[in-house]
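A short worksheet on the structure shown next.
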Amino acid sequence: MSACGYHVAGTATRVPPDVKTIAVPAFKNESLTFRIEQQLTSAVTREFLERTHYRILPDSAGADAVLKGTVKDVRARAITFDINTGRATSLQVQVTADVKLEDLHTHKILFSNSNYLFREEYQESESPAALFEEDKPALERLSHDLARTLVTDILENF
């Protein structure tokens, strides 16, 4: 039965056992969204620290592997409207990134996705006088979701 091809979820890994330290330098930002790369880098670093045994560094000096990311695009679009006013009531923000994990010893790419796509929906404030923008908290939630999924994708070889 050992050759049946099944394994317990979470036990397979893309990362070789000799990788003990992963560098997560600041993501690059090719979008027009201010500081989104900082949010994503911080969220990914935090996720690695909370869920793994790897030592995480801000640059590749002394690291066994490096995770590089580029935010390619950030878009927001209305998805529902108030039928009386025509005003957008809920929006969706979408982030597209290019991520790559490279083993610095072998220069083998351990994980790569050039079109990593994440979406988050949020409600617009119904009162224009409230001046409360929900897009920033939505980007924060999206950053956490992207980080959680990215770390899972890297750790689990499915």
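We name chains A, B, ... following the order of the structure tokens; residues begin at 1 in each chain, and ligands are numbered from 1 as shown.
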What are the closest atom pairs, with distances in Å to one decimal, for all residues of stretch 43-157 of chain A lying within 8 Å of stretch 12-34 of chain A? Consider only C-alpha atoms, order rows by chain and residue number, and present the result as a Markdown table.
```
| residue | atom | partner | partner_atom | distance |
| --- | --- | --- | --- | --- |
| A:Val44 | CA | A:Val24 | CA | 8.0 |
| A:Thr45 | CA | A:Val24 | CA | 6.6 |
| A:His53 | CA | A:Lys20 | CA | 7.8 |
| A:Tyr54 | CA | A:Lys20 | CA | 5.3 |
| A:Arg55 | CA | A:Thr21 | CA | 4.6 |
| A:Ile56 | CA | A:Ile22 | CA | 5.1 |
| A:Leu57 | CA | A:Ala23 | CA | 4.5 |
| A:Pro58 | CA | A:Pro25 | CA | 4.8 |
| A:Asp59 | CA | A:Pro25 | CA | 5.0 |
| A:Ser60 | CA | A:Ala23 | CA | 5.1 |
| A:Gly62 | CA | A:Thr21 | CA | 7.8 |
| A:Ala63 | CA | A:Thr21 | CA | 5.0 |
| A:Asp64 | CA | A:Thr21 | CA | 5.2 |
| A:Ala65 | CA | A:Ile22 | CA | 4.8 |
| A:Val66 | CA | A:Ala23 | CA | 4.5 |
| A:Leu67 | CA | A:Val24 | CA | 5.2 |
| A:Lys68 | CA | A:Phe27 | CA | 6.4 |
| A:Gly69 | CA | A:Phe27 | CA | 4.7 |
| A:Thr70 | CA | A:Lys28 | CA | 4.5 |
| A:Val71 | CA | A:Asn29 | CA | 4.8 |
| A:Lys72 | CA | A:Glu30 | CA | 5.1 |
| A:Asp73 | CA | A:Ser31 | CA | 4.8 |
| A:Val74 | CA | A:Ser31 | CA | 6.0 |
| A:Asp103 | CA | A:Val19 | CA | 7.7 |
| A:Leu110 | CA | A:Arg14 | CA | 6.0 |
| A:Phe111 | CA | A:Arg14 | CA | 7.2 |
| A:Ile154 | CA | A:Arg14 | CA | 6.1 |
| A:Leu155 | CA | A:Thr13 | CA | 4.9 |
| A:Glu156 | CA | A:Thr13 | CA | 4.8 |
| A:Asn157 | CA | A:Thr13 | CA | 5.0 |
```
DSSP helix (DSSP H, G or I) residues within stretch 8-136 of chain A, as a ChimeraX atom specification: /A:36-51,128-130,135-136
Would you write out, as CSV, a table of all residues in stretch 26-123 of chain A that have an atom no more than 12 Å from an atom of stretch 140-145 of chain A, listing for each the closest atom pair and the distance in Å to one decimal, considering only C-alpha atoms and ordering rows by chain and rising residue number?
```
residue,atom,partner,partner_atom,distance
A:Arg35,CA,A:Glu140,CA,11.1
A:Ile36,CA,A:Ser143,CA,8.4
A:Glu37,CA,A:Ser143,CA,9.4
A:Gln38,CA,A:Ser143,CA,9.7
A:Gln39,CA,A:Ser143,CA,6.4
A:Leu40,CA,A:Ser143,CA,5.2
A:Thr41,CA,A:Ser143,CA,8.6
A:Ser42,CA,A:Ser143,CA,8.7
A:Ala43,CA,A:His144,CA,5.6
A:Val44,CA,A:His144,CA,7.6
A:Thr45,CA,A:His144,CA,10.4
A:Arg46,CA,A:His144,CA,9.1
A:Glu47,CA,A:His144,CA,8.1
A:Phe48,CA,A:His144,CA,11.6
A:Val71,CA,A:Ser143,CA,11.3
A:Val74,CA,A:Leu142,CA,11.2
A:Gln92,CA,A:Leu142,CA,10.5
A:Val93,CA,A:Leu142,CA,8.4
A:Gln94,CA,A:Leu142,CA,8.6
A:Val95,CA,A:Leu142,CA,8.3
A:Thr96,CA,A:Leu142,CA,11.2
A:Ala97,CA,A:Ser143,CA,11.3
A:Leu117,CA,A:Leu142,CA,10.4
A:Phe118,CA,A:Leu142,CA,6.9
A:Arg119,CA,A:Leu142,CA,6.7
A:Glu120,CA,A:Leu142,CA,5.7
A:Glu121,CA,A:Leu142,CA,9.1
A:Tyr122,CA,A:Arg141,CA,10.1
```
Keeping only N, CA and C atoms, write the selected residues to a file as a PDB file, in the first residue's frame.
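The new file out.pdb reads:
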```pdb
ATOM      1  N   ARG A  35       2.306  51.390  -1.110  1.00  0.00           N
ATOM      2  CA  ARG A  35       2.730  50.522  -0.011  1.00  0.00           C
ATOM      3  C   ARG A  35       2.104  49.136   0.009  1.00  0.00           C
ATOM      4  N   ILE A  36       1.445  48.690  -1.040  1.00  0.00           N
ATOM      5  CA  ILE A  36       0.877  47.343  -1.044  1.00  0.00           C
ATOM      6  C   ILE A  36       1.982  46.299  -0.913  1.00  0.00           C
ATOM      7  N   GLU A  37       3.137  46.570  -1.496  1.00  0.00           N
ATOM      8  CA  GLU A  37       4.250  45.621  -1.412  1.00  0.00           C
ATOM      9  C   GLU A  37       4.710  45.448   0.032  1.00  0.00           C
ATOM     10  N   GLN A  38       4.635  46.507   0.827  1.00  0.00           N
ATOM     11  CA  GLN A  38       5.022  46.414   2.239  1.00  0.00           C
ATOM     12  C   GLN A  38       4.023  45.571   3.018  1.00  0.00           C
ATOM     13  N   GLN A  39       2.734  45.742   2.731  1.00  0.00           N
ATOM     14  CA  GLN A  39       1.699  44.945   3.388  1.00  0.00           C
ATOM     15  C   GLN A  39       1.886  43.467   3.084  1.00  0.00           C
ATOM     16  N   LEU A  40       2.118  43.148   1.798  1.00  0.00           N
ATOM     17  CA  LEU A  40       2.256  41.751   1.407  1.00  0.00           C
ATOM     18  C   LEU A  40       3.527  41.135   1.984  1.00  0.00           C
ATOM     19  N   THR A  41       4.640  41.847   1.917  1.00  0.00           N
ATOM     20  CA  THR A  41       5.896  41.326   2.466  1.00  0.00           C
ATOM     21  C   THR A  41       5.743  41.052   3.953  1.00  0.00           C
ATOM     22  N   SER A  42       5.163  41.987   4.666  1.00  0.00           N
ATOM     23  CA  SER A  42       4.964  41.830   6.100  1.00  0.00           C
ATOM     24  C   SER A  42       4.054  40.641   6.412  1.00  0.00           C
ATOM     25  N   ALA A  43       2.974  40.496   5.673  1.00  0.00           N
ATOM     26  CA  ALA A  43       2.035  39.396   5.900  1.00  0.00           C
ATOM     27  C   ALA A  43       2.680  38.044   5.609  1.00  0.00           C
ATOM     28  N   VAL A  44       3.450  37.949   4.535  1.00  0.00           N
ATOM     29  CA  VAL A  44       4.118  36.688   4.183  1.00  0.00           C
ATOM     30  C   VAL A  44       5.170  36.344   5.240  1.00  0.00           C
ATOM     31  N   THR A  45       5.952  37.314   5.657  1.00  0.00           N
ATOM     32  CA  THR A  45       6.965  37.089   6.687  1.00  0.00           C
ATOM     33  C   THR A  45       6.305  36.596   7.977  1.00  0.00           C
ATOM     34  N   ARG A  46       5.243  37.273   8.393  1.00  0.00           N
ATOM     35  CA  ARG A  46       4.528  36.898   9.612  1.00  0.00           C
ATOM     36  C   ARG A  46       3.969  35.472   9.505  1.00  0.00           C
ATOM     37  N   GLU A  47       3.434  35.141   8.350  1.00  0.00           N
ATOM     38  CA  GLU A  47       2.860  33.803   8.148  1.00  0.00           C
ATOM     39  C   GLU A  47       3.932  32.726   8.247  1.00  0.00           C
ATOM     40  N   PHE A  48       5.091  32.946   7.632  1.00  0.00           N
ATOM     41  CA  PHE A  48       6.198  31.990   7.744  1.00  0.00           C
ATOM     42  C   PHE A  48       6.638  31.837   9.199  1.00  0.00           C
ATOM     43  N   VAL A  71       4.351  42.728  -7.033  1.00  0.00           N
ATOM     44  CA  VAL A  71       2.936  43.067  -7.195  1.00  0.00           C
ATOM     45  C   VAL A  71       2.800  43.656  -8.591  1.00  0.00           C
ATOM     46  N   VAL A  74      -3.056  45.977  -9.138  1.00  0.00           N
ATOM     47  CA  VAL A  74      -4.105  46.071  -8.121  1.00  0.00           C
ATOM     48  C   VAL A  74      -5.273  46.783  -8.786  1.00  0.00           C
ATOM     49  N   GLN A  92     -14.865  45.049  -5.259  1.00  0.00           N
ATOM     50  CA  GLN A  92     -13.925  43.947  -5.161  1.00  0.00           C
ATOM     51  C   GLN A  92     -12.550  44.481  -5.529  1.00  0.00           C
ATOM     52  N   VAL A  93     -11.572  44.196  -4.683  1.00  0.00           N
ATOM     53  CA  VAL A  93     -10.196  44.555  -4.992  1.00  0.00           C
ATOM     54  C   VAL A  93      -9.481  43.263  -5.394  1.00  0.00           C
ATOM     55  N   GLN A  94      -8.663  43.363  -6.419  1.00  0.00           N
ATOM     56  CA  GLN A  94      -7.953  42.204  -6.954  1.00  0.00           C
ATOM     57  C   GLN A  94      -6.467  42.532  -7.044  1.00  0.00           C
ATOM     58  N   VAL A  95      -5.640  41.651  -6.515  1.00  0.00           N
ATOM     59  CA  VAL A  95      -4.189  41.813  -6.570  1.00  0.00           C
ATOM     60  C   VAL A  95      -3.606  40.666  -7.382  1.00  0.00           C
ATOM     61  N   THR A  96      -2.742  41.007  -8.335  1.00  0.00           N
ATOM     62  CA  THR A  96      -2.022  40.013  -9.118  1.00  0.00           C
ATOM     63  C   THR A  96      -0.545  40.159  -8.795  1.00  0.00           C
ATOM     64  N   ALA A  97       0.088  39.035  -8.466  1.00  0.00           N
ATOM     65  CA  ALA A  97       1.503  39.059  -8.098  1.00  0.00           C
ATOM     66  C   ALA A  97       2.261  37.951  -8.820  1.00  0.00           C
ATOM     67  N   LEU A 117      -3.190  35.320  -8.046  1.00  0.00           N
ATOM     68  CA  LEU A 117      -4.334  36.221  -8.077  1.00  0.00           C
ATOM     69  C   LEU A 117      -5.165  36.094  -6.802  1.00  0.00           C
ATOM     70  N   PHE A 118      -5.452  37.229  -6.181  1.00  0.00           N
ATOM     71  CA  PHE A 118      -6.288  37.250  -4.980  1.00  0.00           C
ATOM     72  C   PHE A 118      -7.317  38.348  -5.066  1.00  0.00           C
ATOM     73  N   ARG A 119      -8.512  38.071  -4.498  1.00  0.00           N
ATOM     74  CA  ARG A 119      -9.615  39.035  -4.516  1.00  0.00           C
ATOM     75  C   ARG A 119     -10.200  39.170  -3.116  1.00  0.00           C
ATOM     76  N   GLU A 120     -10.683  40.363  -2.819  1.00  0.00           N
ATOM     77  CA  GLU A 120     -11.371  40.628  -1.551  1.00  0.00           C
ATOM     78  C   GLU A 120     -12.523  41.578  -1.834  1.00  0.00           C
ATOM     79  N   GLU A 121     -13.697  41.267  -1.287  1.00  0.00           N
ATOM     80  CA  GLU A 121     -14.856  42.140  -1.448  1.00  0.00           C
ATOM     81  C   GLU A 121     -15.026  43.004  -0.215  1.00  0.00           C
ATOM     82  N   TYR A 122     -15.553  44.183  -0.399  1.00  0.00           N
ATOM     83  CA  TYR A 122     -15.847  45.051   0.733  1.00  0.00           C
ATOM     84  C   TYR A 122     -17.032  45.944   0.413  1.00  0.00           C
TER      85      TYR A 122
END
```
Interatomic distance, atom CA of A:Tyr116 to atom CA of A:Leu150 (Å, one decimal):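 Spanning atom CA of A:Tyr116 to atom CA of A:Leu150 is a straight-line distance of 8.8 Å.
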Two-atom distance - atom CA of A:Asp153, atom CA of A:Gln123 (Å):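 Value for the atom CA of A:Asp153-atom CA of A:Gln123 distance: 29.1 Å.
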Gap from atom CA of A:Ala147 to atom CA of A:Asp98 - Å, one decimal: 13.0 Å
Residue neighbourhood A:Ser90, 10 Å, only C-alpha atoms, exclusion window fewer than 4 positions, as a PyMOL selection string: chain A and resi 77-82+121-125+134
Those same residues, written as a tab-separated table (two decimals), in the first residue's frame with all heavy atoms?
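The file below, part_29.tsv, is the result:
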```
chain	number	residue	atom	x	y	z
A	77	ARG	N	-13.12	47.17	-8.51
A	77	ARG	CA	-14.28	47.35	-9.38
A	77	ARG	C	-15.55	47.17	-8.57
A	77	ARG	O	-15.59	46.42	-7.60
A	77	ARG	CB	-14.26	46.39	-10.55
A	77	ARG	CG	-14.41	44.94	-10.18
A	77	ARG	CD	-14.36	44.04	-11.41
A	77	ARG	NE	-14.51	42.65	-11.03
A	77	ARG	CZ	-15.65	41.98	-11.06
A	77	ARG	NH1	-16.74	42.56	-11.49
A	77	ARG	NH2	-15.70	40.72	-10.69
A	78	ALA	N	-16.58	47.88	-8.98
A	78	ALA	CA	-17.88	47.78	-8.32
A	78	ALA	C	-18.52	46.45	-8.71
A	78	ALA	O	-18.45	46.03	-9.87
A	78	ALA	CB	-18.76	48.94	-8.74
A	79	ILE	N	-19.15	45.80	-7.73
A	79	ILE	CA	-19.83	44.54	-8.04
A	79	ILE	C	-21.33	44.59	-7.73
A	79	ILE	O	-22.09	43.81	-8.28
A	79	ILE	CB	-19.17	43.33	-7.35
A	79	ILE	CG1	-19.01	43.54	-5.86
A	79	ILE	CG2	-17.84	43.02	-7.99
A	79	ILE	CD1	-18.45	42.34	-5.12
A	80	THR	N	-21.75	45.51	-6.84
A	80	THR	CA	-23.18	45.72	-6.63
A	80	THR	C	-23.46	47.22	-6.52
A	80	THR	O	-22.59	47.99	-6.12
A	80	THR	CB	-23.71	45.01	-5.35
A	80	THR	OG1	-23.02	45.51	-4.22
A	80	THR	CG2	-23.57	43.51	-5.44
A	81	PHE	N	-24.68	47.58	-6.88
A	81	PHE	CA	-25.07	48.99	-6.90
A	81	PHE	C	-26.39	49.17	-6.17
A	81	PHE	O	-27.23	48.26	-6.15
A	81	PHE	CB	-25.25	49.47	-8.35
A	81	PHE	CG	-24.00	49.40	-9.17
A	81	PHE	CD1	-23.65	48.25	-9.85
A	81	PHE	CD2	-23.15	50.50	-9.24
A	81	PHE	CE1	-22.48	48.19	-10.60
A	81	PHE	CE2	-21.99	50.46	-9.98
A	81	PHE	CZ	-21.65	49.30	-10.67
A	82	ASP	N	-26.60	50.34	-5.61
A	82	ASP	CA	-27.88	50.72	-5.01
A	82	ASP	C	-28.83	51.01	-6.17
A	82	ASP	O	-28.53	51.86	-7.02
A	82	ASP	CB	-27.69	51.97	-4.14
A	82	ASP	CG	-28.97	52.39	-3.46
A	82	ASP	OD1	-29.98	52.61	-4.17
A	82	ASP	OD2	-28.94	52.53	-2.24
A	121	GLU	N	-13.70	41.27	-1.29
A	121	GLU	CA	-14.86	42.14	-1.45
A	121	GLU	C	-15.03	43.00	-0.21
A	121	GLU	O	-14.65	42.60	0.89
A	121	GLU	CB	-16.12	41.31	-1.66
A	121	GLU	CG	-16.13	40.57	-2.98
A	121	GLU	CD	-17.40	39.77	-3.20
A	121	GLU	OE1	-18.41	40.01	-2.49
A	121	GLU	OE2	-17.38	38.90	-4.07
A	122	TYR	N	-15.55	44.18	-0.40
A	122	TYR	CA	-15.85	45.05	0.73
A	122	TYR	C	-17.03	45.94	0.41
A	122	TYR	O	-17.35	46.19	-0.74
A	122	TYR	CB	-14.63	45.87	1.16
A	122	TYR	CG	-14.08	46.82	0.11
A	122	TYR	CD1	-14.43	48.16	0.11
A	122	TYR	CD2	-13.17	46.37	-0.84
A	122	TYR	CE1	-13.91	49.03	-0.83
A	122	TYR	CE2	-12.65	47.23	-1.78
A	122	TYR	CZ	-13.02	48.56	-1.77
A	122	TYR	OH	-12.51	49.41	-2.70
A	123	GLN	N	-17.69	46.40	1.48
A	123	GLN	CA	-18.85	47.27	1.36
A	123	GLN	C	-18.42	48.72	1.46
A	123	GLN	O	-17.57	49.06	2.27
A	123	GLN	CB	-19.86	46.98	2.48
A	123	GLN	CG	-20.35	45.54	2.51
A	123	GLN	CD	-21.10	45.15	1.26
A	123	GLN	OE1	-21.97	45.89	0.81
A	123	GLN	NE2	-20.76	44.01	0.70
A	124	GLU	N	-19.01	49.55	0.65
A	124	GLU	CA	-18.77	50.99	0.74
A	124	GLU	C	-19.64	51.55	1.86
A	124	GLU	O	-20.74	51.06	2.09
A	124	GLU	CB	-19.15	51.68	-0.58
A	124	GLU	CG	-18.06	51.63	-1.61
A	124	GLU	CD	-16.85	52.45	-1.24
A	124	GLU	OE1	-16.94	53.67	-1.12
A	124	GLU	OE2	-15.79	51.83	-1.04
A	125	SER	N	-19.18	52.58	2.50
A	125	SER	CA	-19.97	53.25	3.54
A	125	SER	C	-21.22	53.83	2.89
A	125	SER	O	-21.16	54.43	1.83
A	125	SER	CB	-19.14	54.35	4.18
A	125	SER	OG	-19.94	55.09	5.07
A	134	GLU	N	-13.21	51.70	3.20
A	134	GLU	CA	-13.04	50.31	3.56
A	134	GLU	C	-11.96	49.64	2.71
A	134	GLU	O	-11.57	48.52	2.99
A	134	GLU	CB	-14.39	49.59	3.39
A	134	GLU	CG	-14.41	48.11	3.69
A	134	GLU	CD	-13.97	47.71	5.09
A	134	GLU	OE1	-14.10	48.51	6.03
A	134	GLU	OE2	-13.49	46.58	5.25
```
